[in-house]
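For reference, entry16.txt is printed below; it contains compact mmCIF, C-alpha atoms.
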# COMPACT_ATOMS: atom_id res chain seq x y z
CA MET V 1 2.42 -11.65 -27.28
CA LYS V 2 3.96 -9.64 -24.49
CA ILE V 3 7.39 -10.43 -23.06
CA LEU V 4 6.77 -10.89 -19.33
CA ARG V 5 10.35 -11.64 -18.36
CA LEU V 6 12.92 -9.69 -20.34
CA GLU V 7 16.00 -11.33 -18.86
CA LYS V 8 14.69 -14.79 -19.68
CA PHE V 9 13.95 -13.66 -23.25
CA ALA V 10 17.46 -12.26 -23.66
CA PHE V 11 19.05 -15.40 -22.26
CA SER V 12 16.89 -17.63 -24.49
CA SER V 13 17.80 -15.53 -27.54
CA VAL V 14 21.48 -16.08 -26.84
CA LEU V 15 20.79 -19.79 -26.37
CA ALA V 16 18.93 -19.94 -29.66
CA ILE V 17 21.80 -18.28 -31.55
CA LEU V 18 24.26 -20.63 -29.88
CA ALA V 19 22.08 -23.60 -30.75
CA VAL V 20 22.03 -22.66 -34.41
CA CYS V 21 25.80 -22.13 -34.49
CA VAL V 22 26.52 -25.43 -32.75
CA PHE V 23 24.05 -27.30 -34.94
CA VAL V 24 25.50 -25.86 -38.17
CA CYS V 25 29.05 -26.63 -37.01
CA GLY V 26 28.01 -30.15 -36.20
CA VAL V 27 26.36 -30.69 -39.56
CA THR V 28 29.21 -29.21 -41.62
CA ALA V 29 31.92 -31.01 -39.66
CA GLY V 30 29.96 -34.21 -39.45
CA GLU V 31 30.26 -34.32 -35.65
CA MET V 32 27.16 -35.94 -34.17
CA ARG V 33 27.91 -34.65 -30.65
CA PHE V 34 27.61 -31.05 -31.88
CA VAL V 35 24.37 -31.86 -33.66
CA ILE V 36 22.93 -33.35 -30.46
CA GLY V 37 24.25 -30.41 -28.47
CA GLY V 38 22.61 -28.00 -30.87
CA ILE V 39 19.29 -29.81 -30.57
CA LEU V 40 19.48 -29.77 -26.76
CA LEU V 41 20.33 -26.06 -26.74
CA CYS V 42 17.41 -25.46 -29.08
CA LEU V 43 15.07 -27.26 -26.67
CA LEU V 44 16.41 -25.19 -23.77
CA ALA V 45 15.86 -22.01 -25.77
CA ILE V 46 12.27 -23.04 -26.55
CA VAL V 47 11.57 -23.67 -22.86
CA GLY V 48 13.16 -20.35 -22.03
CA PHE V 49 11.06 -18.49 -24.61
CA TYR V 50 7.92 -20.18 -23.29
CA SER V 51 8.59 -19.06 -19.74
CA ALA V 52 9.56 -15.57 -20.96
CA PHE V 53 6.15 -15.16 -22.62
CA ARG V 54 3.88 -17.16 -20.36
CA GLY V 55 5.25 -18.54 -17.12
CA THR V 56 6.50 -17.27 -13.81
CA SER V 57 10.04 -17.70 -12.64
CA SER V 58 10.93 -20.13 -9.91
CA ALA V 59 11.78 -17.15 -7.71
CA GLU V 60 8.29 -15.75 -8.21
CA MET V 61 6.72 -19.11 -7.43
CA ILE V 62 8.76 -19.37 -4.26
CA GLU V 63 7.78 -15.82 -3.33
CA GLN V 64 4.10 -16.81 -3.50
CA TYR V 65 4.59 -19.48 -0.87
CA ALA V 66 7.41 -18.03 1.24
CA ASP V 67 6.62 -16.09 4.39
CA GLU V 68 8.86 -13.66 6.27
CA ARG V 69 10.67 -16.37 8.21
CA ASP V 70 11.51 -18.21 4.97
CA ARG V 71 12.94 -14.99 3.56
CA PHE V 72 14.90 -14.44 6.79
CA VAL V 73 16.34 -17.96 6.60
CA ALA V 74 17.16 -17.47 2.91
CA MET V 75 18.94 -14.22 3.74
CA LYS V 76 20.97 -15.83 6.54
CA SER V 77 21.81 -18.78 4.29
CA ALA V 78 22.94 -16.49 1.47
CA THR V 79 25.13 -14.47 3.83
CA ALA V 80 26.74 -17.59 5.28
CA SER V 81 27.25 -19.07 1.81
CA LEU V 82 28.92 -15.89 0.63
CA LYS V 83 31.28 -15.93 3.61
CA ILE V 84 32.17 -19.58 3.06
CA LEU V 85 32.71 -19.11 -0.69
CA ASN V 86 34.84 -16.05 -0.04
CA PHE V 87 37.01 -18.00 2.42
CA LEU V 88 37.31 -21.02 0.11
CA PHE V 89 38.21 -18.93 -2.93
CA PHE V 90 40.80 -16.94 -1.01
CA THR V 91 42.36 -19.99 0.59
CA ALA V 92 42.44 -21.96 -2.63
CA GLY V 93 43.89 -18.97 -4.48
CA PHE V 94 46.57 -18.56 -1.83
CA VAL V 95 47.48 -22.25 -1.99
CA LEU V 96 47.66 -22.13 -5.78
CA VAL V 97 49.91 -19.07 -5.75
CA CYS V 98 52.18 -20.79 -3.22
CA LEU V 99 52.27 -23.86 -5.46
CA PHE V 100 53.28 -21.61 -8.35
CA GLY V 101 56.06 -20.25 -6.20
CA VAL V 102 57.32 -23.75 -5.50
CA THR V 103 56.78 -25.45 -8.84
CA LYS V 104 56.98 -22.45 -11.24
CA GLU V 105 54.00 -23.98 -13.12
CA SER V 106 52.12 -21.09 -14.72
CA SER V 107 48.76 -22.86 -14.64
CA PHE V 108 48.76 -22.61 -10.83
CA LEU V 109 49.22 -18.87 -11.03
CA ALA V 110 46.45 -18.57 -13.61
CA ALA V 111 44.08 -20.62 -11.47
CA GLY V 112 44.93 -18.66 -8.32
CA ALA V 113 44.50 -15.34 -10.12
CA ALA V 114 41.15 -16.52 -11.49
CA LEU V 115 39.92 -17.39 -8.00
CA TRP V 116 41.04 -14.06 -6.59
CA THR V 117 39.41 -12.29 -9.52
CA GLY V 118 36.24 -14.16 -8.59
CA ILE V 119 36.48 -12.72 -5.08
CA GLY V 120 36.93 -9.26 -6.55
CA VAL V 121 33.89 -9.71 -8.78
CA MET V 122 31.80 -10.94 -5.80
CA ALA V 123 32.87 -7.93 -3.74
CA GLY V 124 32.12 -5.53 -6.58
CA THR V 125 28.73 -7.11 -7.19
CA LEU V 126 27.90 -6.96 -3.49
CA LEU V 127 28.83 -3.27 -3.39
CA VAL V 128 26.77 -2.44 -6.48
CA MET V 129 23.71 -4.34 -5.23
CA ASN V 130 24.07 -2.72 -1.81
CA LEU V 131 24.08 0.75 -3.42
CA TYR V 132 21.15 -0.21 -5.65
CA TYR V 133 18.96 -1.36 -2.76
CA GLU V 134 20.04 1.58 -0.59
CA LYS V 135 18.56 3.89 -3.20
CA ARG V 136 15.46 1.83 -3.86
CA LEU V 137 14.31 1.11 -0.32
CA MET D 1 12.34 -11.55 22.60
CA ASP D 2 9.99 -13.66 24.69
CA ASN D 3 6.33 -13.99 23.88
CA ARG D 4 3.11 -15.47 25.20
CA ILE D 5 1.88 -16.83 21.90
CA ARG D 6 1.67 -20.45 23.01
CA GLU D 7 -0.21 -19.57 26.18
CA LEU D 8 -2.62 -17.22 24.41
CA ARG D 9 -3.14 -19.64 21.54
CA ALA D 10 -4.02 -22.43 23.96
CA ALA D 11 -6.40 -20.12 25.80
CA CYS D 12 -8.16 -19.38 22.50
CA GLY D 13 -8.26 -23.07 21.60
CA MET D 14 -6.36 -22.52 18.37
CA THR D 15 -3.91 -24.88 16.76
CA GLN D 16 -0.61 -23.64 15.39
CA GLN D 17 -1.89 -24.16 11.86
CA GLU D 18 -5.06 -22.16 12.55
CA LEU D 19 -3.06 -19.27 13.93
CA ALA D 20 -0.65 -19.48 11.00
CA ASP D 21 -3.52 -19.36 8.52
CA ALA D 22 -5.07 -16.43 10.35
CA VAL D 23 -1.90 -14.31 10.07
CA SER D 24 -0.89 -15.64 6.62
CA VAL D 25 2.33 -17.37 7.57
CA SER D 26 3.42 -20.99 7.67
CA SER D 27 3.06 -23.15 10.76
CA ARG D 28 6.86 -23.39 10.86
CA THR D 29 6.94 -19.67 11.55
CA ILE D 30 4.49 -20.00 14.44
CA ILE D 31 6.53 -22.87 15.86
CA SER D 32 9.72 -20.79 15.62
CA LEU D 33 7.98 -17.83 17.26
CA GLU D 34 6.72 -19.94 20.15
CA LYS D 35 10.18 -21.40 20.71
CA GLY D 36 11.70 -17.94 20.70
CA GLN D 37 13.93 -18.81 17.73
CA TYR D 38 12.60 -16.01 15.56
CA ASN D 39 11.56 -12.40 16.16
CA PRO D 40 8.59 -11.35 14.01
CA SER D 41 8.34 -8.22 11.96
CA VAL D 42 6.24 -5.37 13.35
CA LEU D 43 3.51 -6.23 10.86
CA LEU D 44 3.34 -9.88 11.88
CA ALA D 45 3.48 -8.98 15.58
CA HIS D 46 0.60 -6.56 15.04
CA LYS D 47 -1.46 -9.19 13.20
CA ILE D 48 -0.93 -11.72 15.98
CA ALA D 49 -1.85 -9.16 18.64
CA VAL D 50 -5.03 -8.31 16.72
CA ILE D 51 -5.97 -12.02 16.53
CA PHE D 52 -5.66 -12.28 20.31
CA GLY D 53 -7.34 -8.93 20.89
CA LEU D 54 -4.45 -7.63 22.97
CA PRO D 55 -1.85 -4.86 22.62
CA ILE D 56 1.50 -5.96 21.19
CA GLU D 57 3.22 -5.34 24.54
CA GLU D 58 1.02 -7.96 26.19
CA VAL D 59 1.85 -10.59 23.57
CA PHE D 60 5.56 -9.92 23.10
CA VAL D 61 7.74 -9.36 26.15
CA PHE D 62 10.52 -6.88 25.46
CA ASP D 63 13.43 -7.41 27.85
CA GLU D 64 14.78 -3.96 28.66
CA GLU D 65 17.78 -5.37 30.51
CA ASP D 66 19.14 -6.99 27.35
CA ASN D 67 18.08 -4.12 25.08
CA PRO D 68 18.27 -0.90 27.06
CA VAL D 69 16.45 2.01 25.52
CA PRO D 70 18.35 5.29 25.93
CA VAL D 71 16.37 8.06 27.59
CA VAL D 72 16.15 11.18 25.45
CA SER D 73 15.77 14.33 27.51
As C-alpha cells:
Amino acid sequence: MKILRLEKFAFSSVLAILAVCVFVCGVTAGEMRFVIGGILLCLLAIVGFYSAFRGTSSAEMIEQYADERDRFVAMKSATASLKILNFLFFTAGFVLVCLFGVTKESSFLAAGAALWTGIGVMAGTLLVMNLYYEKRL
Amino acid sequence: MDNRIRELRAACGMTQQELADAVSVSSRTIISLEKGQYNPSVLLAHKIAVIFGLPIEEVFVFDEEDNPVPVVS
C-alpha cells in the first residue's frame, strides 16, 4: 500500500499515538472521559490513515471543480482574512497590554504577548511561503 | 476591461452554460465576465476568442486611456 498523502499519514500517526496514550491514561486512572476521548482519537486516526492511503484531500476535490475565478475569489478572500486577523490580533494584543498596565495582572500580558507572537508567526510564515513560491514559479 | 461576450454569445445562439462548458469554466465565471466584474486570464480569453472565431482584441476591449502603454523607442 502506497502512502499517497504523507502529511496526512504523519498527522494520523501522531493522532494514533495520542489516542493510545489518552486511552491508557483513562483506563489506569479510571476516568471514562479519557477512555472516550481515546476512542474518538483512534477513530479520527483511522479516518486519517484511510485518506492517506486511498482518498483525495478536500483541497484536491475542490481543485477538480474550481475554475480560475473561484481561485481568484479564494485568493482575495484569503488576503482580506489575513488583513482582518492581523488587525484583530494587534488590536486585541494592544488592549491586553494596556489592561496589564492598568491592572498589573500578568495573565493580560501573557495573552497580549501570545497574540503578538501569533502576528509574528503569521508574518514569518507569509515571508517563507512567498520566498518558496518565488523560487518555484 | 470591457468585452463583447454577451453580444457575441447571443449572436451565436449560445447560453451562458453552453459557453462555460465549451471553455471549461463555471457559468458563474461567464456571468462575471459579461458583467465586467472579472478579467479573464490570457488562456481563458484565448479560448473564448477561439469559440467565437475572432481575435482576442475583437472580443475584449482594452481601454488605453485607463491603462496607457508606454511607447518604447
Which residues of chain D come within 8 Å of chain V, and for each one, what is the closest pair of atoms and their distance in Å to one decimal, counting only C-alpha atoms, sorted by chain and residue number, as a Markdown table?
| residue | atom | partner | partner_atom | distance |
| --- | --- | --- | --- | --- |
| D:Ser24 | CA | V:Asp67 | CA | 7.8 |
| D:Val25 | CA | V:Asp67 | CA | 5.5 |
| D:Ser26 | CA | V:Asp67 | CA | 6.7 |
| D:Thr29 | CA | V:Arg69 | CA | 6.0 |
| D:Tyr38 | CA | V:Arg69 | CA | 7.6 |
| D:Pro40 | CA | V:Arg69 | CA | 7.9 |
| D:Ser41 | CA | V:Glu68 | CA | 7.9 |
Step by step, gather every atom of stretch 14-19 of chain V that the file lists, find the box along x, y and z that holds them, add 4 Å on each side, and finally give centre and edge lengths in Å to one decimal, as lines of an AutoDock Vina configuration file.
center_x = 21.6
center_y = -19.8
center_z = -29.0
size_x = 13.3
size_y = 15.5
size_z = 13.2
*Closest to D:Met14 among D:Val59, D:Leu44, D:Leu54, D:Ile30, using all atoms listed in the file?*
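Ranked by minimum distance to D:Met14, first place goes to D:Ile30.
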*Tell me which of D:Met1, D:Val61, D:Ile48, D:Leu43 sits closest to D:Gln16, counting all atoms listed in the file.*
D:Ile48
_Please compute the atom CA of V:Asn86-atom CA of V:Gly101 distance, one decimal, in Å._
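The value is 22.5 Å.
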Write out as a compact mmCIF listing (two decimals) with C-alpha atoms, in the coordinates of the input which residues come within 8 Å of V:Val35 when counting only C-alpha atoms, dropping same-chain ones fewer than 3 positions away.
# COMPACT_ATOMS: atom_id res chain seq x y z
CA VAL V 22 26.52 -25.43 -32.75
CA PHE V 23 24.05 -27.30 -34.94
CA VAL V 24 25.50 -25.86 -38.17
CA CYS V 25 29.05 -26.63 -37.01
CA GLY V 26 28.01 -30.15 -36.20
CA VAL V 27 26.36 -30.69 -39.56
CA GLU V 31 30.26 -34.32 -35.65
CA MET V 32 27.16 -35.94 -34.17
CA GLY V 38 22.61 -28.00 -30.87
CA ILE V 39 19.29 -29.81 -30.57
*How many Å lie between atom CA of V:Tyr133 and atom CA of V:Thr79, rounded to one decimal?*
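Interatomic distance, atom CA of V:Tyr133 to atom CA of V:Thr79: 15.9 Å.
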*Take atom CA of V:Gly112 and atom CA of V:Val97 and report the distance between them in Å, one decimal.*
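Computing the Euclidean distance for atom CA of V:Gly112 and atom CA of V:Val97 yields 5.6 Å.
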_Give me the residues near V:Leu6 as JSON, numbers by chain, where near means some atom within 10 Å (using all atoms listed in the file) and where sequence neighbours in that chain fewer than 6 positions away do not count._
{"V": [12, 49, 52, 53]}
*asked:* Taking 6 positions as the minimum chain separation for residues in the same chain, which residues sit within 10 Å of V:Leu43 when counting only C-alpha atoms? Answer as a ChimeraX atom specification.
replied: /V:15-16,19,37,49
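Between V:Thr125 and the candidates V:Glu63, V:Ala111, V:Arg54, V:Leu82, the tightest atom-to-atom separation, counting only C-alpha atoms, involves V:Leu82.
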*Excluding D:Arg9 and residues on its chain fewer than 4 positions from it, collect all residues at most 10 Å away from it, counting only C-alpha atoms, and give them as a ChimeraX atom specification.*
/D:4-5,13-16,18-19,34,48,51-52
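With all atoms listed in the file as the basis for measurement, D:Asn3 is the residue among D:Asn3, D:Arg28, D:Ala20, D:Leu33 that approaches D:Glu58 most closely.
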_Residues near V:Leu96, cut-off 10 Å, only C-alpha atoms, skip fewer than 5 positions along chain, as a list in words_ =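 The contact residues come out as Phe90, Thr91, Gly101, Val102, Glu105, Ser107, Phe108, Leu109, Ala110, Ala111, Gly112, Ala113 and Leu115 of chain V.
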